[in-house]
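Report on the following structure.
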Protein chains: 2
Amino acid sequence: MLYICVTGNVLLIMEEDFLIEMGYPGLTARLKRLSDLFVYQTKEFYKEHNLDIEPNWHMIFLILKKHDQLTVTEISELLHLSHPAIVKLINKMKKKGYIDSVKDKNDYRKYQLTLSKKAKEKLPVLETYWSAGEQALEELLEGNSKLLEQLSIVERNIEDLDFKTRMEQLLNKY
Amino acid sequence: MLYICVTGNVLLIMEEDFLIEMGYPGLTARLKRLSDLFVYQTKEFYKEHNLDIEPNWHMIFLILKKHDQLTVTEISELLHLSHPAIVKLINKMKKKGYIDSVKDKNDYRKYQLTLSKKAKEKLPVLETYWSAGEQALEELLEGNSKLLEQLSIVERNIEDLDFKTRMEQLLNKY
DNA sequence: CATATATATGTAACCAGTTACATATATATG
DNA sequence: CATATATATGTAACTGGTTACATATATATG
């Protein structure tokens with residue numbers, strides 16, 4: 001399943017990759033495949049260094065470092081993820097003692113979430129590992145942020161008019 | 001959670017998005033979030049048009065259209081996905097009658113997979129829906145394939161030296 | 001002010017991938 | 001040729017998202 005690939009004046013021996021060959025319709029699976037790869041390898045990396053955190057906790061650490069105190073709903077809105085996703089995440093972090101949760105005095109439906117003392121103390125160590133991850137990613141992106149920019153374009157356009165509606169419109173054209 | 005965003009000479013009211021704000025470390029979750037969005041909306045689209053197929057079957061239809069006959073292992077290698085992922089996918093497609101599977105005459109461990117008669121007959125209809133999806137995606141990418149190219153760069157670099165190893169190397173620098 | 005509606009959180013069932021392990025068959029080697 | 005090793009497929013348990021539904025509290029309205 002190997003093939004020769006000529007890019008510029010460099011000759012590469014490459015693995016054949018049908019998802020790439022597919023073009024546009026292969027995009028969805030490539031996004032998932034790449035995301036999974038990052039998640040699994042980061043998990044492994046943390047494990048080998050005995051950090052008892054999960055890859056996606058990074059975003060919660062950062063968001064609560066910035067905003068100090070947030071509810072589940074606020075986090076889910078800021079991250080554009082569903083609230084059950086955040087509930088599960090937060091429950092795991094609570095169980096490990098990284099999150100403090102206190103009932104809101106003015107609205108008894110809400111719980112105000114903050115980073116625990118343990119979490120704040122661990123931050124400096126965690127940051128050295130996160131920094132290695134960020135640099136590794138920069139290497140993979142070859143030092144430019146075009147991938148992030150291209151993703152932003154898609155995200156903005158989807159916010160404007162969602163994917164399904166676009167498919168419906170294009171289908172009805174014929 | 002809204003904010004004003006000035007791009008060029010256009011003023012936009014945007015949802016705040018912390019994953020974008022995070023920069024590089026937000027990438028993994030954005031890839032997953034976007035992939036999920038495509039999958040869920042495509043699923044919905046198929047359902048509303050009473051197509052009894054799943055979004056990720058598209059790649060199996062195409063790969064078996066091109067190669068005619070493949071085994072589970074060959075498919076998993078061509079797609080760079082694990083073989084259990086393909087086993088599950090193929091079992092569902094078999095159950096719906098889209099895949100024929102015959103034991104290899106020369107190697108009794110293998111099953112040769114092909115598109116069934118039903119699958120081949122349905123292809124022309126499916127292609128009109130896939131075409132709408134492809135065009136919708138082109139719209140979202142604003143007609144250029146930079147996102148695909150940037151992904152290819154990352155994929156190539158990872159094949160060269162994996163993400164975890166890069167993190168380890170960068171960590172040991174300090 | 002009683003009741004309808006909206007919001008915040010939580011739970012259940014599902015989905016598409018993963019790794020680790022099991023089993024059957026093929027191939028290579030002492 | 002017997003046995004060790006490698007390969008093809010399959011299964012189990014896990015992960016991190018989703019939608020749909022349930023419950024408690026807050027807010028708005030007749």
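Chains: A, B, ... in order of the structure tokens. Residues: from 1 per chain. Ligands: from 1, in order shown.
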Taking a cut-off of 12 Å and counting only C-alpha atoms (C1' of nucleotides), can you build a table that, for each residue of chain A near chain C, reports the nearest atom pair and how far apart they are in Å (one decimal), sorted by chain then residue number, as a Markdown table?
| residue | atom | partner | partner_atom | distance |
| --- | --- | --- | --- | --- |
| A:Ala29 | CA | C:DG17 | C1' | 10.1 |
| A:Arg30 | CA | C:DG17 | C1' | 11.9 |
| A:Leu31 | CA | C:DG17 | C1' | 11.9 |
| A:Lys32 | CA | C:DG17 | C1' | 8.2 |
| A:Arg33 | CA | C:DG17 | C1' | 8.0 |
| A:Leu34 | CA | C:DG17 | C1' | 11.1 |
| A:Ser35 | CA | C:DG17 | C1' | 10.3 |
| A:Asp36 | CA | C:DG17 | C1' | 7.5 |
| A:Leu37 | CA | C:DT18 | C1' | 9.2 |
| A:Phe38 | CA | C:DT18 | C1' | 11.9 |
| A:Val39 | CA | C:DT18 | C1' | 10.1 |
| A:Tyr40 | CA | C:DT18 | C1' | 7.8 |
| A:Gln41 | CA | C:DT18 | C1' | 11.0 |
| A:Lys43 | CA | C:DT18 | C1' | 11.8 |
| A:Glu44 | CA | C:DT19 | C1' | 11.4 |
| A:Thr71 | CA | C:DA8 | C1' | 8.8 |
| A:Val72 | CA | C:DT9 | C1' | 7.9 |
| A:Thr73 | CA | C:DA8 | C1' | 7.0 |
| A:Glu74 | CA | C:DA8 | C1' | 10.1 |
| A:Ser76 | CA | C:DA8 | C1' | 11.7 |
| A:His83 | CA | C:DT9 | C1' | 8.6 |
| A:Pro84 | CA | C:DG10 | C1' | 8.0 |
| A:Ala85 | CA | C:DG10 | C1' | 11.3 |
| A:Ile86 | CA | C:DT9 | C1' | 10.7 |
| A:Val87 | CA | C:DG10 | C1' | 7.9 |
| A:Lys88 | CA | C:DG10 | C1' | 9.7 |
| A:Asn91 | CA | C:DG10 | C1' | 10.9 |
| A:Lys103 | CA | C:DA8 | C1' | 11.6 |
| A:Asp104 | CA | C:DA8 | C1' | 11.2 |
| A:Asp107 | CA | C:DA8 | C1' | 9.4 |
| A:Tyr108 | CA | C:DA8 | C1' | 9.0 |
| A:Arg109 | CA | C:DA8 | C1' | 5.3 |
| A:Lys110 | CA | C:DA8 | C1' | 5.9 |
| A:Tyr111 | CA | C:DT9 | C1' | 8.7 |
| A:Gln112 | CA | C:DA8 | C1' | 11.4 |
What's around segment 115-123 of chain A at 7 Å? Count only C-alpha atoms (C1' of nucleotides), leave out sequence neighbours fewer than 4 positions away in its own chain, and write the answer as an NGL selection string.
:A and (64 or 97-100 or 127)
Just all heavy atoms for this one: save the residues we selected as a PDB file, in the first residue's frame.
ATOM      1  N   LEU A  64     -11.437  28.328  33.252  1.00  0.00           N
ATOM      2  CA  LEU A  64     -11.690  28.731  34.646  1.00  0.00           C
ATOM      3  C   LEU A  64     -10.539  29.574  35.197  1.00  0.00           C
ATOM      4  O   LEU A  64     -10.705  30.292  36.193  1.00  0.00           O
ATOM      5  CB  LEU A  64     -11.913  27.504  35.528  1.00  0.00           C
ATOM      6  CG  LEU A  64     -13.287  26.862  35.389  1.00  0.00           C
ATOM      7  CD1 LEU A  64     -13.394  25.609  36.252  1.00  0.00           C
ATOM      8  CD2 LEU A  64     -14.408  27.842  35.738  1.00  0.00           C
ATOM      9  N   GLY A  97     -10.822  16.034  42.421  1.00  0.00           N
ATOM     10  CA  GLY A  97     -10.507  17.161  43.297  1.00  0.00           C
ATOM     11  C   GLY A  97      -9.962  18.404  42.615  1.00  0.00           C
ATOM     12  O   GLY A  97      -9.328  19.240  43.256  1.00  0.00           O
ATOM     13  N   TYR A  98     -10.223  18.536  41.306  1.00  0.00           N
ATOM     14  CA  TYR A  98      -9.712  19.714  40.598  1.00  0.00           C
ATOM     15  C   TYR A  98     -10.722  20.862  40.527  1.00  0.00           C
ATOM     16  O   TYR A  98     -10.357  21.980  40.174  1.00  0.00           O
ATOM     17  CB  TYR A  98      -9.285  19.333  39.179  1.00  0.00           C
ATOM     18  CG  TYR A  98      -8.042  18.495  39.133  1.00  0.00           C
ATOM     19  CD1 TYR A  98      -8.085  17.151  38.787  1.00  0.00           C
ATOM     20  CD2 TYR A  98      -6.809  19.056  39.444  1.00  0.00           C
ATOM     21  CE1 TYR A  98      -6.928  16.372  38.748  1.00  0.00           C
ATOM     22  CE2 TYR A  98      -5.653  18.291  39.414  1.00  0.00           C
ATOM     23  CZ  TYR A  98      -5.722  16.959  39.072  1.00  0.00           C
ATOM     24  OH  TYR A  98      -4.582  16.206  39.039  1.00  0.00           O
ATOM     25  N   ILE A  99     -11.988  20.549  40.835  1.00  0.00           N
ATOM     26  CA  ILE A  99     -13.033  21.561  40.689  1.00  0.00           C
ATOM     27  C   ILE A  99     -13.811  21.690  41.998  1.00  0.00           C
ATOM     28  O   ILE A  99     -14.211  20.685  42.589  1.00  0.00           O
ATOM     29  CB  ILE A  99     -14.029  21.152  39.573  1.00  0.00           C
ATOM     30  CG1 ILE A  99     -13.342  21.094  38.208  1.00  0.00           C
ATOM     31  CG2 ILE A  99     -15.238  22.093  39.539  1.00  0.00           C
ATOM     32  CD1 ILE A  99     -13.117  22.416  37.544  1.00  0.00           C
ATOM     33  N   ASP A 100     -14.025  22.928  42.435  1.00  0.00           N
ATOM     34  CA  ASP A 100     -14.943  23.205  43.546  1.00  0.00           C
ATOM     35  C   ASP A 100     -16.242  23.718  42.960  1.00  0.00           C
ATOM     36  O   ASP A 100     -16.245  24.458  41.977  1.00  0.00           O
ATOM     37  CB  ASP A 100     -14.356  24.264  44.489  1.00  0.00           C
ATOM     38  CG  ASP A 100     -13.159  23.737  45.270  1.00  0.00           C
ATOM     39  OD1 ASP A 100     -13.063  22.506  45.445  1.00  0.00           O
ATOM     40  OD2 ASP A 100     -12.320  24.555  45.684  1.00  0.00           O
ATOM     41  N   GLU A 127       1.577  23.161  33.062  1.00  0.00           N
ATOM     42  CA  GLU A 127       1.904  24.075  31.963  1.00  0.00           C
ATOM     43  C   GLU A 127       3.169  23.666  31.208  1.00  0.00           C
ATOM     44  O   GLU A 127       3.274  23.908  30.003  1.00  0.00           O
ATOM     45  CB  GLU A 127       1.997  25.516  32.482  1.00  0.00           C
ATOM     46  CG  GLU A 127       0.640  26.198  32.373  1.00  0.00           C
ATOM     47  CD  GLU A 127       0.415  27.323  33.382  1.00  0.00           C
ATOM     48  OE1 GLU A 127       1.365  27.683  34.094  1.00  0.00           O
ATOM     49  OE2 GLU A 127      -0.728  27.826  33.445  1.00  0.00           O
TER      50      GLU A 127
END
Using only C-alpha atoms and a distance of at most 7 Å, pull out the residues of chain B that contact chain A, as a PDB file with C-alpha atoms, in the first residue's frame.
ATOM      1  CA  GLU B  16     -17.581  34.130  21.644  1.00  0.00           C
ATOM      2  CA  ASP B  17     -15.757  30.840  21.105  1.00  0.00           C
ATOM      3  CA  PHE B  18     -13.196  29.905  23.709  1.00  0.00           C
ATOM      4  CA  LEU B  19     -11.753  27.024  21.688  1.00  0.00           C
ATOM      5  CA  TYR B  24      -3.138  25.837  19.157  1.00  0.00           C
ATOM      6  CA  PRO B  25      -4.328  23.884  22.226  1.00  0.00           C
ATOM      7  CA  THR B  28      -8.005  18.986  18.835  1.00  0.00           C
ATOM      8  CA  LEU B  31     -11.482  19.117  14.828  1.00  0.00           C
ATOM      9  CA  LYS B  32     -13.742  16.784  16.794  1.00  0.00           C
ATOM     10  CA  SER B  35     -16.410  16.434  12.468  1.00  0.00           C
ATOM     11  CA  PHE B  38     -20.890  17.140   9.871  1.00  0.00           C
ATOM     12  CA  GLN B  41     -26.255  16.854  10.273  1.00  0.00           C
ATOM     13  CA  THR B  42     -25.537  14.426   7.442  1.00  0.00           C
ATOM     14  CA  PHE B  45     -30.199  14.823   6.122  1.00  0.00           C
ATOM     15  CA  LEU B  78      -6.236   2.168   2.959  1.00  0.00           C
ATOM     16  CA  LEU B  79      -8.288   4.341   5.324  1.00  0.00           C
ATOM     17  CA  HIS B  80      -5.690   4.401   8.124  1.00  0.00           C
ATOM     18  CA  TYR B 129     -27.240  13.417  -2.243  1.00  0.00           C
ATOM     19  CA  ALA B 132     -25.238  18.141  -2.570  1.00  0.00           C
ATOM     20  CA  GLY B 133     -23.069  17.401   0.470  1.00  0.00           C
ATOM     21  CA  GLU B 134     -19.880  17.963  -1.459  1.00  0.00           C
ATOM     22  CA  ALA B 136     -22.244  22.395   0.629  1.00  0.00           C
ATOM     23  CA  LEU B 140     -18.217  26.311   3.646  1.00  0.00           C
ATOM     24  CA  LEU B 141     -14.590  26.195   2.471  1.00  0.00           C
ATOM     25  CA  LYS B 146      -6.549  25.081   1.677  1.00  0.00           C
ATOM     26  CA  LEU B 147      -8.053  23.265   4.644  1.00  0.00           C
ATOM     27  CA  GLN B 150      -3.130  22.012   5.585  1.00  0.00           C
ATOM     28  CA  ILE B 153       0.729  18.635   5.831  1.00  0.00           C
ATOM     29  CA  VAL B 154      -0.089  17.602   9.400  1.00  0.00           C
ATOM     30  CA  ASN B 157       4.422  15.147   9.337  1.00  0.00           C
ATOM     31  CA  ILE B 158       2.758  12.799  11.808  1.00  0.00           C
ATOM     32  CA  PHE B 163       2.860  13.494  18.010  1.00  0.00           C
ATOM     33  CA  LYS B 164       3.761  11.786  21.280  1.00  0.00           C
ATOM     34  CA  ARG B 166       7.560  15.033  19.372  1.00  0.00           C
ATOM     35  CA  MET B 167       6.116  16.007  22.759  1.00  0.00           C
ATOM     36  CA  LEU B 170      10.417  18.862  23.286  1.00  0.00           C
ATOM     37  CA  LEU B 171       9.840  18.126  26.962  1.00  0.00           C
TER      38      LEU B 171
END
Here is a test: counting only C-alpha atoms (C1' of nucleotides), which residue of A:Asp68, A:Lys92, A:Lys47, A:Ser82 is nearest to DT19 of chain D?
A:Ser82
Taking only C-alpha atoms (C1' of nucleotides) into account, produce a table as a Markdown table in which each residue of chain D with an atom at most 10 Å from an atom of chain B appears once, together with its shortest atom pair and the distance in Å to one decimal, ordered by chain and rising number.
| residue | atom | partner | partner_atom | distance |
| --- | --- | --- | --- | --- |
| D:DT7 | C1' | B:Arg109 | CA | 8.5 |
| D:DA8 | C1' | B:Arg109 | CA | 5.3 |
| D:DT9 | C1' | B:Arg109 | CA | 7.2 |
| D:DG10 | C1' | B:Val87 | CA | 7.9 |
| D:DT11 | C1' | B:Pro84 | CA | 9.0 |
| D:DG16 | C1' | B:Lys32 | CA | 9.5 |
| D:DG17 | C1' | B:Asp36 | CA | 7.5 |
| D:DT18 | C1' | B:Tyr40 | CA | 7.8 |
| D:DT19 | C1' | B:Tyr40 | CA | 9.8 |
Identify all residues of segment 7-103 of chain A in helix (DSSP H, G or I) (DSSP on the backbone) and supply them as number ranges by chain.
A: 18-21, 24-48, 57-67, 72-79, 83-95
Tell me, in Å to one decimal, how far atom CA of Ile90 of chain B is from atom CA of Lys65 of chain B.
14.7 Å
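Picture a line from atom CA of Phe61 of chain B to atom CA of Leu113 of chain B; it runs 11.1 Å.
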Among chain A, which residues carry a DSSP assignment of strand (DSSP E or B), reported as a PyMOL selection string?
chain A and resi 2-7+10-15+70+99-103+111-115
Can you write out the residues you just picked, keeping N, CA, C and O atoms, as a short mmCIF file (atom, residue, chain, number, x, y, z; two decimals), in the first residue's frame?
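The result, written out as out.cif:
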data_model
loop_
_atom_site.label_atom_id
_atom_site.label_comp_id
_atom_site.auth_asym_id
_atom_site.auth_seq_id
_atom_site.Cartn_x
_atom_site.Cartn_y
_atom_site.Cartn_z
N LEU A 2 2.10 1.14 -0.51
CA LEU A 2 2.97 2.31 -0.59
C LEU A 2 2.93 2.89 -2.00
O LEU A 2 2.65 2.18 -2.95
N TYR A 3 3.19 4.17 -2.11
CA TYR A 3 3.32 4.74 -3.44
C TYR A 3 4.29 5.91 -3.42
O TYR A 3 4.62 6.45 -2.37
N ILE A 4 4.77 6.28 -4.60
CA ILE A 4 5.74 7.36 -4.72
C ILE A 4 5.00 8.68 -4.92
O ILE A 4 4.04 8.74 -5.67
N CYS A 5 5.48 9.70 -4.23
CA CYS A 5 4.82 10.99 -4.31
C CYS A 5 5.88 12.05 -4.58
O CYS A 5 6.87 12.15 -3.87
N VAL A 6 5.71 12.81 -5.67
CA VAL A 6 6.67 13.86 -5.99
C VAL A 6 6.11 15.22 -5.62
O VAL A 6 5.10 15.67 -6.17
N THR A 7 6.71 15.87 -4.62
CA THR A 7 6.28 17.23 -4.24
C THR A 7 7.48 18.15 -4.41
O THR A 7 8.48 17.99 -3.73
N VAL A 10 11.19 16.91 -4.34
CA VAL A 10 11.43 15.87 -3.34
C VAL A 10 10.62 14.63 -3.70
O VAL A 10 9.47 14.72 -4.11
N LEU A 11 11.25 13.48 -3.53
CA LEU A 11 10.58 12.23 -3.82
C LEU A 11 10.25 11.53 -2.51
O LEU A 11 11.14 11.27 -1.70
N LEU A 12 8.99 11.26 -2.31
CA LEU A 12 8.58 10.65 -1.05
C LEU A 12 7.95 9.28 -1.26
O LEU A 12 7.22 9.07 -2.22
N ILE A 13 8.28 8.38 -0.34
CA ILE A 13 7.55 7.11 -0.31
C ILE A 13 6.43 7.29 0.70
O ILE A 13 6.69 7.56 1.87
N MET A 14 5.19 7.18 0.23
CA MET A 14 4.06 7.47 1.12
C MET A 14 3.14 6.27 1.25
O MET A 14 3.04 5.45 0.34
N GLU A 15 2.44 6.22 2.38
CA GLU A 15 1.34 5.29 2.53
C GLU A 15 0.18 5.80 1.68
O GLU A 15 -0.14 7.00 1.72
N LEU A 70 -17.55 29.97 36.77
CA LEU A 70 -18.52 29.79 35.68
C LEU A 70 -19.48 28.67 36.04
O LEU A 70 -19.16 27.79 36.85
N ILE A 99 -11.99 20.55 40.83
CA ILE A 99 -13.03 21.56 40.69
C ILE A 99 -13.81 21.69 42.00
O ILE A 99 -14.21 20.68 42.59
N ASP A 100 -14.03 22.93 42.43
CA ASP A 100 -14.94 23.21 43.55
C ASP A 100 -16.24 23.72 42.96
O ASP A 100 -16.24 24.46 41.98
N SER A 101 -17.35 23.33 43.61
CA SER A 101 -18.66 23.69 43.09
C SER A 101 -19.51 24.19 44.25
O SER A 101 -19.71 23.47 45.23
N VAL A 102 -19.97 25.44 44.16
CA VAL A 102 -20.84 25.96 45.22
C VAL A 102 -22.15 26.48 44.64
O VAL A 102 -22.17 27.11 43.58
N LYS A 103 -23.22 26.17 45.37
CA LYS A 103 -24.55 26.56 44.90
C LYS A 103 -24.64 28.09 44.89
O LYS A 103 -24.20 28.75 45.84
N TYR A 111 -24.80 26.13 39.86
CA TYR A 111 -23.62 25.86 40.67
C TYR A 111 -22.45 26.66 40.09
O TYR A 111 -22.17 26.55 38.89
N GLN A 112 -21.81 27.43 40.92
CA GLN A 112 -20.64 28.18 40.46
C GLN A 112 -19.41 27.29 40.59
O GLN A 112 -19.11 26.79 41.67
N LEU A 113 -18.72 27.10 39.46
CA LEU A 113 -17.56 26.22 39.43
C LEU A 113 -16.26 27.03 39.44
O LEU A 113 -16.15 28.05 38.76
N THR A 114 -15.30 26.56 40.22
CA THR A 114 -13.98 27.20 40.25
C THR A 114 -12.90 26.12 40.28
O THR A 114 -13.18 24.96 40.60
N LEU A 115 -11.67 26.52 39.95
CA LEU A 115 -10.53 25.62 40.12
C LEU A 115 -10.25 25.47 41.60
O LEU A 115 -10.23 26.45 42.35
#
Could you work out how far atom C1' of DA26 of chain D lies from atom CA of Asn106 of chain A, giving the answer in Å with one decimal?
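Spanning atom CA of Asn106 of chain A to atom C1' of DA26 of chain D is a straight-line distance of 10.1 Å.
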